[in-house]
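K.L.:
Input file: model.cif. Contents: mmCIF, C-alpha atoms.
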data_coords
loop_
_atom_site.label_atom_id
_atom_site.label_comp_id
_atom_site.auth_asym_id
_atom_site.auth_seq_id
_atom_site.Cartn_x
_atom_site.Cartn_y
_atom_site.Cartn_z
CA MET A 1 -40.36 69.15 -60.70
CA ALA A 2 -43.57 67.25 -60.43
CA THR A 3 -43.15 63.51 -60.27
CA LEU A 4 -45.44 60.52 -60.30
CA LYS A 5 -45.19 57.71 -57.78
CA VAL A 6 -46.90 54.52 -58.86
CA GLU A 7 -47.88 51.59 -56.67
CA ILE A 8 -49.18 48.35 -58.17
CA VAL A 9 -50.64 46.44 -55.26
CA SER A 10 -52.24 43.01 -54.99
CA PRO A 11 -53.62 41.49 -51.77
CA GLU A 12 -50.64 39.19 -51.41
CA ALA A 13 -47.92 41.73 -52.07
CA ALA A 14 -46.97 45.09 -53.48
CA LEU A 15 -45.95 44.16 -57.03
CA TRP A 16 -44.22 47.33 -58.04
CA VAL A 17 -43.53 50.65 -56.36
CA GLY A 18 -41.52 53.40 -57.92
CA GLU A 19 -41.29 56.62 -59.80
CA ALA A 20 -42.80 56.76 -63.24
CA THR A 21 -43.43 59.22 -65.99
CA ALA A 22 -46.88 57.90 -66.88
CA LEU A 23 -49.43 55.23 -66.04
CA VAL A 24 -51.56 53.86 -68.88
CA ALA A 25 -54.60 51.68 -68.23
CA ARG A 26 -58.25 51.15 -69.10
CA SER A 27 -61.26 51.81 -66.91
CA SER A 28 -64.85 50.99 -67.77
CA ASP A 29 -65.04 54.52 -69.24
CA GLY A 30 -62.14 53.85 -71.59
CA ASP A 31 -58.38 54.15 -71.86
CA PHE A 32 -56.63 56.76 -69.79
CA THR A 33 -53.17 57.99 -69.02
CA ILE A 34 -52.08 59.43 -65.70
CA LEU A 35 -49.30 61.97 -65.79
CA PRO A 36 -47.69 63.85 -62.90
CA GLN A 37 -50.02 66.42 -61.34
CA HIS A 38 -53.12 64.57 -62.46
CA THR A 39 -56.18 65.59 -60.48
CA ALA A 40 -57.49 63.33 -57.70
CA THR A 41 -59.38 60.48 -59.31
CA VAL A 42 -60.90 57.20 -58.23
CA GLY A 43 -62.00 54.58 -60.72
CA ASP A 44 -62.17 50.97 -61.71
CA LEU A 45 -60.01 48.94 -64.05
CA VAL A 46 -61.32 46.46 -66.57
CA PRO A 47 -59.22 43.32 -67.12
CA GLY A 48 -56.33 44.31 -69.32
CA VAL A 49 -52.79 45.52 -69.39
CA VAL A 50 -51.62 48.30 -67.11
CA ARG A 51 -48.46 49.95 -68.40
CA VAL A 52 -46.11 51.98 -66.27
CA GLU A 53 -43.72 54.19 -68.22
CA THR A 54 -40.51 55.06 -66.48
CA THR A 55 -37.30 56.72 -67.52
CA GLU A 56 -35.72 53.26 -67.65
CA GLY A 57 -38.32 51.77 -69.96
CA ASP A 58 -41.83 50.39 -69.57
CA VAL A 59 -43.14 47.83 -67.12
CA ALA A 60 -46.42 46.15 -67.96
CA PHE A 61 -48.83 44.19 -65.77
CA ALA A 62 -51.71 41.92 -66.65
CA VAL A 63 -54.47 43.06 -64.29
CA HIS A 64 -57.60 40.94 -63.93
CA GLY A 65 -59.83 43.78 -62.88
CA GLY A 66 -59.35 46.19 -60.02
CA PHE A 67 -59.42 49.81 -58.97
CA PHE A 68 -57.12 52.79 -59.08
CA GLN A 69 -56.75 55.97 -57.13
CA VAL A 70 -54.79 59.09 -57.93
CA GLY A 71 -53.86 61.23 -54.96
CA PRO A 72 -54.13 62.39 -52.25
CA ASP A 73 -50.55 63.63 -52.48
CA GLU A 74 -48.47 62.74 -49.48
CA VAL A 75 -45.71 65.12 -50.44
CA GLU A 76 -46.12 68.34 -52.36
CA GLY A 77 -45.30 67.80 -56.01
CA VAL A 78 -45.46 64.00 -55.89
CA THR A 79 -48.61 62.59 -57.42
CA LEU A 80 -49.44 59.19 -55.98
CA ALA A 81 -51.18 56.68 -58.23
CA THR A 82 -52.28 53.41 -56.63
CA VAL A 83 -53.49 50.43 -58.61
CA LEU A 84 -55.36 47.80 -56.59
CA ALA A 85 -55.80 44.49 -58.31
CA GLY A 86 -57.17 41.25 -56.89
CA VAL A 87 -55.04 39.28 -59.31
CA ALA A 88 -52.18 40.84 -61.25
CA GLU A 89 -48.83 39.83 -62.60
CA LYS A 90 -45.92 41.34 -64.43
CA THR A 91 -46.21 40.48 -68.11
CA THR A 92 -42.64 39.20 -68.12
CA ASP A 93 -43.54 36.75 -65.33
CA ILE A 94 -46.39 35.18 -67.25
CA ASP A 95 -45.96 31.51 -67.96
CA VAL A 96 -47.09 31.38 -71.57
CA ALA A 97 -47.11 27.59 -71.79
CA ARG A 98 -49.29 27.35 -68.68
CA ALA A 99 -51.68 30.02 -69.91
CA GLN A 100 -51.93 28.20 -73.25
CA ILE A 101 -52.79 24.93 -71.52
CA ALA A 102 -55.31 26.71 -69.28
CA LYS A 103 -56.89 28.26 -72.34
CA GLU A 104 -57.22 24.96 -74.13
CA THR A 105 -58.64 23.20 -71.07
CA ALA A 106 -61.19 25.95 -70.57
CA GLU A 107 -62.16 25.95 -74.24
CA ALA A 108 -62.59 22.19 -74.25
CA GLN A 109 -64.78 22.38 -71.18
CA ILE A 110 -66.89 25.17 -72.57
CA ALA A 111 -67.32 23.30 -75.85
CA ALA A 112 -68.35 20.14 -74.02
CA GLU A 113 -70.85 21.98 -71.85
CA THR A 114 -72.27 23.90 -74.76
CA ARG A 115 -72.94 20.60 -76.53
CA ASN A 116 -74.75 19.35 -73.45
CA GLU A 117 -76.54 22.70 -73.15
CA GLN A 118 -75.36 23.43 -69.64
CA HIS A 119 -74.94 27.14 -70.10
CA ASP A 120 -75.61 28.37 -66.66
CA THR A 121 -73.98 25.81 -64.43
CA ALA A 122 -71.40 27.12 -62.00
CA SER A 123 -68.60 25.20 -63.67
CA HIS A 124 -69.50 26.78 -66.98
CA VAL A 125 -69.19 30.25 -65.49
CA LEU A 126 -65.89 29.29 -63.89
CA ALA A 127 -64.55 27.92 -67.16
CA GLN A 128 -65.59 31.11 -68.92
CA ALA A 129 -63.69 33.15 -66.34
CA ALA A 130 -60.66 30.88 -66.63
CA LEU A 131 -60.72 31.29 -70.39
CA GLU A 132 -60.84 35.07 -70.10
CA ARG A 133 -57.93 35.07 -67.69
CA ALA A 134 -55.84 32.80 -69.89
CA GLU A 135 -56.58 34.90 -72.94
CA LEU A 136 -55.64 38.08 -71.13
CA ARG A 137 -52.37 36.49 -70.01
CA LEU A 138 -51.53 35.41 -73.53
CA ARG A 139 -52.41 38.80 -74.96
CA ALA A 140 -50.37 40.59 -72.32
CA ALA A 141 -47.38 38.30 -72.77
CA ALA A 142 -47.42 38.68 -76.52
CA LYS A 143 -47.09 42.46 -76.32
CA MET B 1 -40.78 -3.78 -4.36
CA ALA B 2 -38.23 -1.05 -4.97
CA GLY B 3 -37.02 -2.36 -8.36
CA GLY B 4 -40.55 -2.36 -9.72
CA GLN B 5 -41.12 1.26 -8.81
CA GLU B 6 -37.89 2.21 -10.49
CA ARG B 7 -38.98 0.57 -13.73
CA ILE B 8 -42.33 2.35 -13.69
CA LEU B 9 -40.61 5.67 -13.15
CA ARG B 10 -38.15 5.03 -15.94
CA ARG B 11 -41.03 4.32 -18.30
CA ARG B 12 -42.82 7.52 -17.33
CA ILE B 13 -39.67 9.58 -17.82
CA LYS B 14 -39.27 8.12 -21.28
CA SER B 15 -42.83 8.99 -22.24
CA VAL B 16 -42.49 12.53 -20.89
CA GLN B 17 -39.32 12.97 -22.92
CA ALA B 18 -41.00 11.67 -26.05
CA THR B 19 -43.86 14.14 -25.54
CA ARG B 20 -41.36 16.90 -24.98
CA LYS B 21 -39.71 16.13 -28.30
CA ILE B 22 -43.05 16.51 -30.06
CA THR B 23 -44.02 19.74 -28.33
CA LYS B 24 -40.56 21.17 -28.94
CA ALA B 25 -40.79 20.35 -32.64
CA MET B 26 -44.27 21.90 -32.85
CA GLU B 27 -42.99 24.97 -31.06
CA LEU B 28 -40.18 25.40 -33.57
CA ILE B 29 -42.46 24.88 -36.53
CA ALA B 30 -44.99 27.37 -35.19
CA ALA B 31 -42.22 29.87 -34.52
CA SER B 32 -41.04 29.65 -38.11
CA GLN B 33 -44.62 30.12 -39.33
CA ILE B 34 -45.13 33.23 -37.20
CA ALA B 35 -42.53 35.19 -39.11
CA ARG B 36 -44.00 34.08 -42.42
CA SER B 37 -47.59 34.86 -41.52
CA GLN B 38 -46.61 38.23 -40.09
CA ALA B 39 -44.78 39.05 -43.29
CA ARG B 40 -47.97 38.25 -45.19
CA ILE B 41 -49.96 40.68 -43.04
CA VAL B 42 -47.40 43.35 -43.81
CA ALA B 43 -47.51 42.54 -47.53
CA ASN B 44 -51.30 42.80 -47.49
CA ARG B 45 -51.33 46.18 -45.77
CA PRO B 46 -50.87 48.43 -48.84
CA TYR B 47 -53.81 46.75 -50.58
CA ARG B 48 -56.01 46.90 -47.54
CA ASN B 49 -55.26 50.55 -46.84
CA GLY B 50 -55.62 51.45 -50.50
CA MET B 51 -59.03 49.79 -50.54
CA LYS B 52 -60.10 51.71 -47.45
CA ARG B 53 -58.94 54.99 -48.94
CA ILE B 54 -60.90 54.36 -52.10
CA ILE B 55 -64.06 53.51 -50.18
CA VAL B 56 -63.79 56.62 -48.07
CA GLU B 57 -63.20 58.68 -51.17
CA ALA B 58 -66.16 57.15 -52.96
CA ALA B 59 -68.38 57.46 -49.89
CA LEU B 60 -67.54 61.13 -49.60
CA GLY B 61 -68.25 61.56 -53.28
CA ASP B 62 -71.71 60.04 -53.00
CA PRO B 63 -73.03 60.43 -49.46
CA ALA B 64 -76.55 59.34 -50.43
CA GLY B 65 -75.44 56.12 -52.08
CA ALA B 66 -72.97 55.47 -49.32
CA ALA B 67 -75.67 55.92 -46.69
CA LYS B 68 -77.70 53.21 -48.39
CA LEU B 69 -74.72 50.90 -48.63
CA LEU B 70 -73.09 51.64 -45.32
CA ALA B 71 -76.15 52.15 -43.14
CA THR B 72 -76.72 50.14 -40.00
CA PRO B 73 -79.62 47.78 -40.63
CA GLU B 74 -82.64 48.64 -38.49
CA ASN B 75 -84.55 45.44 -38.57
CA VAL B 76 -82.44 42.32 -38.70
CA GLU B 77 -84.52 39.25 -39.41
CA THR B 78 -81.71 36.99 -40.46
CA ALA B 79 -78.06 37.47 -39.65
CA ILE B 80 -75.14 35.57 -41.05
CA VAL B 81 -72.35 34.78 -38.64
CA LEU B 82 -68.92 33.81 -39.96
CA VAL B 83 -66.51 32.37 -37.41
CA ILE B 84 -62.80 32.01 -38.17
CA THR B 85 -60.80 29.40 -36.28
CA GLY B 86 -57.88 27.13 -37.08
CA ASP B 87 -57.90 23.68 -38.64
CA ARG B 88 -55.82 22.24 -35.84
CA GLY B 89 -55.85 22.30 -32.09
CA LEU B 90 -52.97 22.39 -29.60
CA SER B 91 -52.93 26.13 -29.89
CA GLY B 92 -53.81 27.35 -26.44
CA ALA B 93 -56.91 29.48 -26.24
CA TYR B 94 -56.93 30.49 -29.92
CA ASN B 95 -59.80 28.30 -31.08
CA SER B 96 -61.80 28.23 -27.90
CA SER B 97 -61.91 31.98 -27.36
CA ALA B 98 -63.10 32.63 -30.92
CA LEU B 99 -65.67 29.84 -30.57
CA ARG B 100 -66.94 31.13 -27.26
CA ALA B 101 -67.30 34.63 -28.67
CA GLY B 102 -69.13 33.14 -31.67
CA GLU B 103 -71.49 31.18 -29.47
CA ARG B 104 -72.22 34.23 -27.35
CA LEU B 105 -72.96 36.27 -30.44
CA VAL B 106 -75.32 33.64 -31.80
CA ARG B 107 -77.15 33.48 -28.46
CA LYS B 108 -77.47 37.24 -28.33
CA LEU B 109 -78.82 37.45 -31.86
CA ARG B 110 -81.32 34.68 -31.20
CA ALA B 111 -82.41 36.40 -28.01
CA GLU B 112 -83.09 39.49 -30.07
CA GLY B 113 -85.33 37.43 -32.28
CA ALA B 114 -83.12 37.10 -35.33
CA ASN B 115 -82.51 33.95 -37.31
CA VAL B 116 -78.86 33.02 -37.43
CA ARG B 117 -77.16 31.31 -40.32
CA LEU B 118 -73.77 30.03 -39.38
CA PHE B 119 -70.72 29.78 -41.63
CA CYS B 120 -67.40 28.50 -40.36
CA ILE B 121 -63.76 28.61 -41.39
CA GLY B 122 -61.52 25.97 -39.88
CA LYS B 123 -62.22 22.39 -38.84
CA LYS B 124 -62.47 23.34 -35.19
CA ALA B 125 -65.39 25.70 -35.66
CA GLY B 126 -67.45 23.26 -37.69
CA ALA B 127 -66.91 20.47 -35.17
CA PHE B 128 -67.67 22.70 -32.18
CA PHE B 129 -70.98 24.04 -33.43
CA ARG B 130 -72.16 20.73 -34.79
CA PHE B 131 -71.38 19.08 -31.48
CA ARG B 132 -73.49 21.71 -29.79
CA GLY B 133 -76.36 20.95 -32.11
CA MET B 134 -76.20 24.22 -34.02
CA GLU B 135 -76.66 23.93 -37.70
CA VAL B 136 -73.63 25.00 -39.73
CA GLU B 137 -74.54 25.97 -43.27
CA GLN B 138 -71.10 25.69 -44.68
CA SER B 139 -67.72 24.97 -43.22
CA PHE B 140 -64.56 25.89 -45.09
CA VAL B 141 -61.55 23.81 -44.17
CA GLY B 142 -58.00 23.30 -45.30
CA PHE B 143 -56.73 26.84 -45.69
CA ALA B 144 -56.86 28.35 -42.20
CA ASP B 145 -53.09 27.91 -41.85
CA ARG B 146 -52.08 29.56 -45.08
CA PRO B 147 -54.99 31.41 -46.64
CA THR B 148 -54.74 32.65 -50.20
CA PHE B 149 -56.73 35.44 -51.76
CA ALA B 150 -58.67 32.93 -53.82
CA ASP B 151 -59.88 31.34 -50.56
CA ALA B 152 -61.03 34.73 -49.31
CA ARG B 153 -62.88 35.26 -52.59
CA LEU B 154 -64.71 31.98 -52.25
CA VAL B 155 -65.76 32.76 -48.68
CA ALA B 156 -66.79 36.29 -49.60
CA SER B 157 -69.00 35.19 -52.46
CA THR B 158 -70.62 32.50 -50.29
CA VAL B 159 -71.52 34.77 -47.38
CA ALA B 160 -72.47 37.71 -49.58
CA ALA B 161 -74.92 35.75 -51.75
CA PRO B 162 -77.78 35.58 -49.18
CA PHE B 163 -77.22 39.22 -48.31
CA ILE B 164 -77.47 40.30 -51.93
CA ASP B 165 -80.66 38.39 -52.67
CA GLY B 166 -82.25 39.71 -49.50
CA GLY B 167 -82.12 36.52 -47.46
CA ALA B 168 -80.11 38.21 -44.75
CA GLN B 169 -79.79 41.77 -43.53
CA GLU B 170 -76.44 41.54 -41.83
CA VAL B 171 -73.18 39.62 -42.06
CA LEU B 172 -71.07 39.45 -38.92
CA LEU B 173 -67.54 38.17 -38.56
CA VAL B 174 -65.97 36.67 -35.46
CA SER B 175 -62.21 36.46 -35.80
CA THR B 176 -58.98 36.86 -33.92
CA ARG B 177 -57.15 40.09 -34.64
CA PHE B 178 -53.38 40.11 -34.59
CA LEU B 179 -52.82 43.36 -32.71
CA SER B 180 -49.15 42.67 -32.07
CA ALA B 181 -46.88 39.69 -31.53
CA ALA B 182 -47.84 39.82 -27.86
CA THR B 183 -51.58 40.54 -28.06
CA GLN B 184 -54.30 38.95 -30.08
CA ALA B 185 -57.93 39.62 -29.40
CA VAL B 186 -61.19 38.14 -30.61
CA GLU B 187 -63.35 40.74 -32.26
CA VAL B 188 -66.83 40.82 -33.68
CA GLU B 189 -67.08 42.93 -36.76
CA ARG B 190 -69.83 43.78 -39.18
CA LEU B 191 -68.88 42.86 -42.74
CA LEU B 192 -72.11 43.73 -44.50
CA PRO B 193 -73.50 46.29 -44.81
CA LEU B 194 -69.99 47.65 -45.07
CA SER B 195 -68.86 49.75 -42.20
CA MET B 196 -67.07 52.96 -42.96
CA PRO B 197 -63.41 52.10 -42.52
CA GLU B 198 -61.39 53.94 -39.98
CA ILE B 199 -58.31 55.19 -41.66
CA PRO B 200 -55.08 54.89 -39.71
CA HIS B 201 -53.99 58.30 -38.51
CA ALA B 202 -50.92 58.65 -40.65
CA ASP B 203 -53.09 58.12 -43.69
CA VAL B 204 -55.71 60.77 -43.10
CA PRO B 205 -55.91 62.42 -46.47
CA LYS B 206 -54.89 66.00 -46.12
CA LYS B 207 -56.50 67.06 -49.29
CA LEU B 208 -59.94 65.52 -49.18
CA LYS B 209 -61.65 68.60 -50.41
CA GLY B 210 -64.34 66.87 -52.38
CA TYR B 211 -62.58 67.46 -55.61
CA THR B 212 -62.18 63.93 -56.78
CA GLU B 213 -63.14 62.67 -60.20
CA PHE B 214 -64.76 59.29 -60.61
CA GLU B 215 -64.54 56.85 -63.47
CA PRO B 216 -67.21 55.56 -63.93
CA GLU B 217 -69.66 57.62 -61.91
CA VAL B 218 -69.51 57.12 -58.21
CA GLU B 219 -72.82 55.21 -57.82
CA LYS B 220 -71.63 52.48 -60.18
CA LEU B 221 -68.21 52.50 -58.61
CA LEU B 222 -69.58 51.95 -55.12
CA THR B 223 -71.57 48.91 -56.16
CA SER B 224 -68.60 47.30 -57.87
CA LEU B 225 -66.36 48.28 -54.99
CA ALA B 226 -68.45 46.66 -52.25
CA PRO B 227 -67.74 42.99 -53.09
CA ARG B 228 -64.03 43.70 -53.54
CA ALA B 229 -63.93 45.46 -50.19
CA LEU B 230 -65.60 42.46 -48.58
CA GLU B 231 -62.98 40.14 -50.07
CA SER B 232 -60.22 42.37 -48.83
CA GLU B 233 -61.70 42.45 -45.31
CA ILE B 234 -62.11 38.68 -45.17
CA PHE B 235 -58.63 38.11 -46.55
CA SER B 236 -57.00 40.30 -43.94
CA ALA B 237 -59.06 38.63 -41.21
CA LEU B 238 -57.84 35.25 -42.49
CA LEU B 239 -54.23 36.41 -42.51
CA GLU B 240 -54.48 37.82 -39.02
CA GLY B 241 -56.23 34.67 -37.85
CA ALA B 242 -53.42 32.51 -39.24
CA ALA B 243 -50.76 34.68 -37.60
CA SER B 244 -52.65 34.58 -34.30
CA PHE B 245 -53.00 30.82 -34.58
CA HIS B 246 -49.28 30.28 -35.06
CA THR B 247 -48.38 32.70 -32.25
CA SER B 248 -50.82 31.02 -29.91
CA GLN B 249 -49.59 27.58 -30.84
CA GLN B 250 -45.97 28.57 -30.37
CA ARG B 251 -46.77 29.93 -26.91
CA ALA B 252 -48.80 26.88 -25.92
CA MET B 253 -46.13 24.48 -27.12
CA ALA B 254 -43.35 26.42 -25.39
CA ALA B 255 -45.31 26.13 -22.14
CA ALA B 256 -45.88 22.42 -22.75
CA THR B 257 -42.16 21.90 -23.36
CA ASP B 258 -41.34 23.72 -20.11
CA ASN B 259 -43.83 21.58 -18.24
CA ALA B 260 -42.36 18.41 -19.71
CA ASP B 261 -38.90 19.55 -18.66
CA GLU B 262 -40.07 20.16 -15.14
CA LEU B 263 -41.97 16.90 -14.91
CA GLY B 264 -38.98 14.98 -16.26
CA GLN B 265 -36.75 16.56 -13.67
CA THR B 266 -39.08 15.76 -10.79
CA LEU B 267 -39.53 12.20 -11.99
CA SER B 268 -35.81 11.57 -12.38
CA ARG B 269 -35.21 12.93 -8.87
CA ILE B 270 -37.80 10.53 -7.48
CA MET B 271 -36.29 7.72 -9.52
CA ASN B 272 -32.76 8.46 -8.31
CA ARG B 273 -33.92 8.50 -4.74
CA ALA B 274 -35.72 5.18 -5.24
CA ARG B 275 -32.60 3.69 -6.75
CA GLN B 276 -30.45 5.01 -3.92
CA ASP B 277 -32.91 3.58 -1.42
CA SER B 278 -32.81 0.18 -3.01
CA ILE B 279 -28.99 0.19 -3.10
CA THR B 280 -28.84 1.19 0.57
CA THR B 281 -31.28 -1.54 1.46
CA GLU B 282 -29.27 -4.08 -0.47
CA ILE B 283 -26.01 -3.08 1.23
CA MET B 284 -27.71 -3.25 4.59
CA GLU B 285 -28.92 -6.74 3.79
CA ILE B 286 -25.45 -7.89 2.71
CA VAL B 287 -23.74 -6.32 5.67
CA SER B 288 -26.21 -7.72 8.17
CA GLY B 289 -25.99 -11.11 6.46
CA ALA B 290 -22.19 -11.11 6.70
CA GLU B 291 -22.45 -9.97 10.31
CA ALA B 292 -24.78 -12.84 11.11
CA LEU B 293 -22.48 -15.37 9.46
CA ARG B 294 -19.46 -14.06 11.38
CA SER B 295 -21.18 -14.07 14.75
CA GLY B 296 -22.51 -17.57 14.01
CA LYS B 297 -18.93 -18.98 13.69
#
As structure tokens - that is how I would like this structure written.

P.N.:
Amino acid sequence: MATLKVEIVSPEAALWVGEATALVARSSDGDFTILPQHTATVGDLVPGVVRVETTEGDVAFAVHGGFFQVGPDEVEGVTLATVLAGVAEKTTDIDVARAQIAKETAEAQIAAETRNEQHDTASHVLAQAALERAELRLRAAAK
Amino acid sequence: MAGGQERILRRRIKSVQATRKITKAMELIAASQIARSQARIVANRPYRNGMKRIIVEAALGDPAGAAKLLATPENVETAIVLVITGDRGLSGAYNSSALRAGERLVRKLRAEGANVRLFCIGKKAGAFFRFRGMEVEQSFVGFADRPTFADARLVASTVAAPFIDGGAQEVLLVSTRFLSAATQAVEVERLLPLSMPEIPHADVPKKLKGYTEFEPEVEKLLTSLAPRALESEIFSALLEGAASFHTSQQRAMAAATDNADELGQTLSRIMNRARQDSITTEIMEIVSGAEALRSGK
């Protein structure tokens, strides 16, 4: 039987490695699902939730952008799907309170800088990124 | 006087023992950090290899685009040199060998007529080059011991910026590679333009038959992949640098502890002999005094 081996990998550690029935994520071309025996594919991931479906239930990860690769198969009949993410975390590990605080801080900063019309300062860009990350975390945790 | 010499020796022994305590403690701390930093290299490996595989795949999918991105620059007017050292000293040859290699590289590039812009990681590198009157554009400190990916990101975006806007044609990295627990070597590596990664043998894809799909199309993918690949390269260089630093420090401190032991032993032998001498002299004085008194009766 064909199986799917999924690896969710961040630079600091391999977050999750195991057998799955499907991998659901979103690239810049749109949502996709990887099933066993998927053809070799390489693509990017937009910030969002990556879901791994296994026989023991789903595992979801908040991924702040990254890449994925399907194949090449190491063993005949085992499709290998690798997700590479600079920053990623299991949705169940997300600290909702912290994300909420981060969101509010970022929003306050953005509001203050918008009032002062400092749209393109570095700190404004950073705050924007922080806001996006916090929002993604909250969205992922709420699911 | 014999008593005076004994006191001086005792003081020296004390100071050697105090130094030994410090070097021993540093040795133990470094030893505990080695295991941790090695574990981090291992944990980083899947990401690093995955990144390399993807780049190879994408490069094979778009040879023309890859040639543009991965080509060796022909005419280097300005080169960026990034040197990785530690924040602290007392680590044997770790800092100095990376710094020497960095200095050599800068000399060579200047001899070839290129401008060199210098970026440093670690307090030691910044201090070294400034002392030598070379201008350091930016020096990153505080994370050489325990680098995080966010640090690597910051460094990557800083050194890549001049390359992207055309201010530099090449980015070179001087860092210490952690080849094994016993060997570390300083290497000069080209970061940008990206070099085609060599895939470890076990990983050579058996089924690279040019039948890979890309999402989005490969040209776009390559451009978004390049900065991430740079971050990954810098991060692994930082991790290996940290592991090399701790290994080197542990070795240096173990040697220092041994030396302190030996010195302490030699000094206490000399001191014992001095004490024995002074006791013998004293007894001789007493005996000859008593003898004189008796014969005087």

K.L.:
Identify which of the residues A:Ala2, A:Leu80, A:Ala85, A:Ala60 lies closest to chain B, counting all atoms listed in the file when measuring atom-to-atom distances.

P.N.:
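Between A:Ala2, A:Leu80, A:Ala85, A:Ala60, the residue approaching chain B most closely is A:Ala85.
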
K.L.:
Under the rule of at most 7 Å, produce a per-residue listing of chain B near chain A: chain, number, name, the closest pair of atoms, and the distance in Å, as JSON lines, using all atoms listed in the file.

P.N.:
{"residue": "B:Arg40", "atom": "CA", "partner": "A:Glu12", "partner_atom": "CA", "distance": 6.8}
{"residue": "B:Ala43", "atom": "CA", "partner": "A:Ala13", "partner_atom": "CA", "distance": 4.6}
{"residue": "B:Asn44", "atom": "CA", "partner": "A:Pro11", "partner_atom": "CA", "distance": 5.0}
{"residue": "B:Pro46", "atom": "CA", "partner": "A:Val9", "partner_atom": "CA", "distance": 6.7}
{"residue": "B:Tyr47", "atom": "CA", "partner": "A:Pro11", "partner_atom": "CA", "distance": 5.4}
{"residue": "B:Ile54", "atom": "CA", "partner": "A:Gln69", "partner_atom": "CA", "distance": 6.7}
{"residue": "B:Phe149", "atom": "CA", "partner": "A:Pro11", "partner_atom": "CA", "distance": 6.8}
{"residue": "B:Pro205", "atom": "CA", "partner": "A:Pro72", "partner_atom": "CA", "distance": 6.0}
{"residue": "B:Lys207", "atom": "CA", "partner": "A:Pro72", "partner_atom": "CA", "distance": 6.0}
{"residue": "B:Tyr211", "atom": "CA", "partner": "A:Ala40", "partner_atom": "CA", "distance": 6.9}
{"residue": "B:Thr212", "atom": "CA", "partner": "A:Ala40", "partner_atom": "CA", "distance": 4.8}
{"residue": "B:Glu213", "atom": "CA", "partner": "A:Thr41", "partner_atom": "CA", "distance": 4.4}
{"residue": "B:Phe214", "atom": "CA", "partner": "A:Val42", "partner_atom": "CA", "distance": 5.0}
{"residue": "B:Glu215", "atom": "CA", "partner": "A:Gly43", "partner_atom": "CA", "distance": 4.4}
{"residue": "B:Pro216", "atom": "CA", "partner": "A:Asp29", "partner_atom": "CA", "distance": 5.8}
{"residue": "B:Leu221", "atom": "CA", "partner": "A:Gly43", "partner_atom": "CA", "distance": 6.9}

K.L.:
Check what the PyMOL selection byres ((chain A and resi 6) around 9) selects in the file above and give those residues as number ranges by chain.

P.N.:
A: 4-5, 7-8, 16-20, 22-23, 52, 79-83

K.L.:
Could you tell me, as a ChimeraX atom specification, which residues have any atom at most 9 Å from (-43.4, 15.5, -19.1), counting all atoms listed in the file?

P.N.:
/B:12-20,256-265,267

K.L.:
Of the candidates B:Arg36, B:Ala93, B:Val136, B:Asp62, which one gets nearest to B:Lys220 if we count only C-alpha atoms?

P.N.:
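Closest to B:Lys220 of all the choices is B:Asp62.
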
K.L.:
Just how far from atom CA of B:Val218 is atom CA of B:Thr148, in Å to one decimal?

P.N.:
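Here the two named atoms are 29.7 Å from each other.
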
K.L.:
In Å, rounded to a single decimal, give me how far atom CA of A:Lys90 is from atom CA of A:Glu135.

P.N.:
15.1 Å

K.L.:
Could you tell me how far atom CA of A:Arg139 lies from atom CA of A:Ala99, in Å and to one decimal?

P.N.:
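These atoms are spaced 10.2 Å apart.
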
K.L.:
Counting only C-alpha atoms, which residue out of B:Glu189, B:Asp151, B:Asp277, B:Glu282 sits closest to B:Glu231?

P.N.:
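Selected residue with least distance to B:Glu231: B:Asp151.
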
K.L.:
I want to know what sits within 8 Å of B:Ala98, based on only C-alpha atoms, with residues of the same chain fewer than 2 positions away left out; could you give that as a PyMOL selection string?

P.N.:
chain B and resi 83-85+94-96+100-102+174-176+186

K.L.:
Find the spatial neighbours of stretch 162-171 of chain B, counting all atoms listed in the file, within a cut-off of 7 Å - ignore same-chain residues fewer than 6 positions away - and output them as a list in words.

P.N.:
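Close residues of stretch 162-171 of chain B: Pro73, Val76, Glu77, Thr78, Ala79, Ile80, Val81, Arg190, Leu191, Leu192 and Pro193 of chain B.
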
K.L.:
Evaluate the PyMOL selection byres ((chain A and resi 127) around 8) here and jot the selected residues down as a count of residues only.

P.N.:
12

K.L.:
With only C-alpha atoms as the counted atoms, please give the residues lying no more than 10 Å from B:Ser248, apart from itself and same-chain residues fewer than 4 positions off, as a VMD selection string.

P.N.:
chain B and resid 27 30 to 31 34 90 to 95 181 to 184 242 to 244 252 to 254

K.L.:
Could the residues in this selection be saved with C-alpha atoms as a compact mmCIF listing (two decimals), keeping the file's coordinate frame?

P.N.:
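Heads up, here's the output in selection.txt:
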# COMPACT_ATOMS: atom_id res chain seq x y z
CA GLU B 27 -42.99 24.97 -31.06
CA ALA B 30 -44.99 27.37 -35.19
CA ALA B 31 -42.22 29.87 -34.52
CA ILE B 34 -45.13 33.23 -37.20
CA LEU B 90 -52.97 22.39 -29.60
CA SER B 91 -52.93 26.13 -29.89
CA GLY B 92 -53.81 27.35 -26.44
CA ALA B 93 -56.91 29.48 -26.24
CA TYR B 94 -56.93 30.49 -29.92
CA ASN B 95 -59.80 28.30 -31.08
CA ALA B 181 -46.88 39.69 -31.53
CA ALA B 182 -47.84 39.82 -27.86
CA THR B 183 -51.58 40.54 -28.06
CA GLN B 184 -54.30 38.95 -30.08
CA ALA B 242 -53.42 32.51 -39.24
CA ALA B 243 -50.76 34.68 -37.60
CA SER B 244 -52.65 34.58 -34.30
CA ALA B 252 -48.80 26.88 -25.92
CA MET B 253 -46.13 24.48 -27.12
CA ALA B 254 -43.35 26.42 -25.39
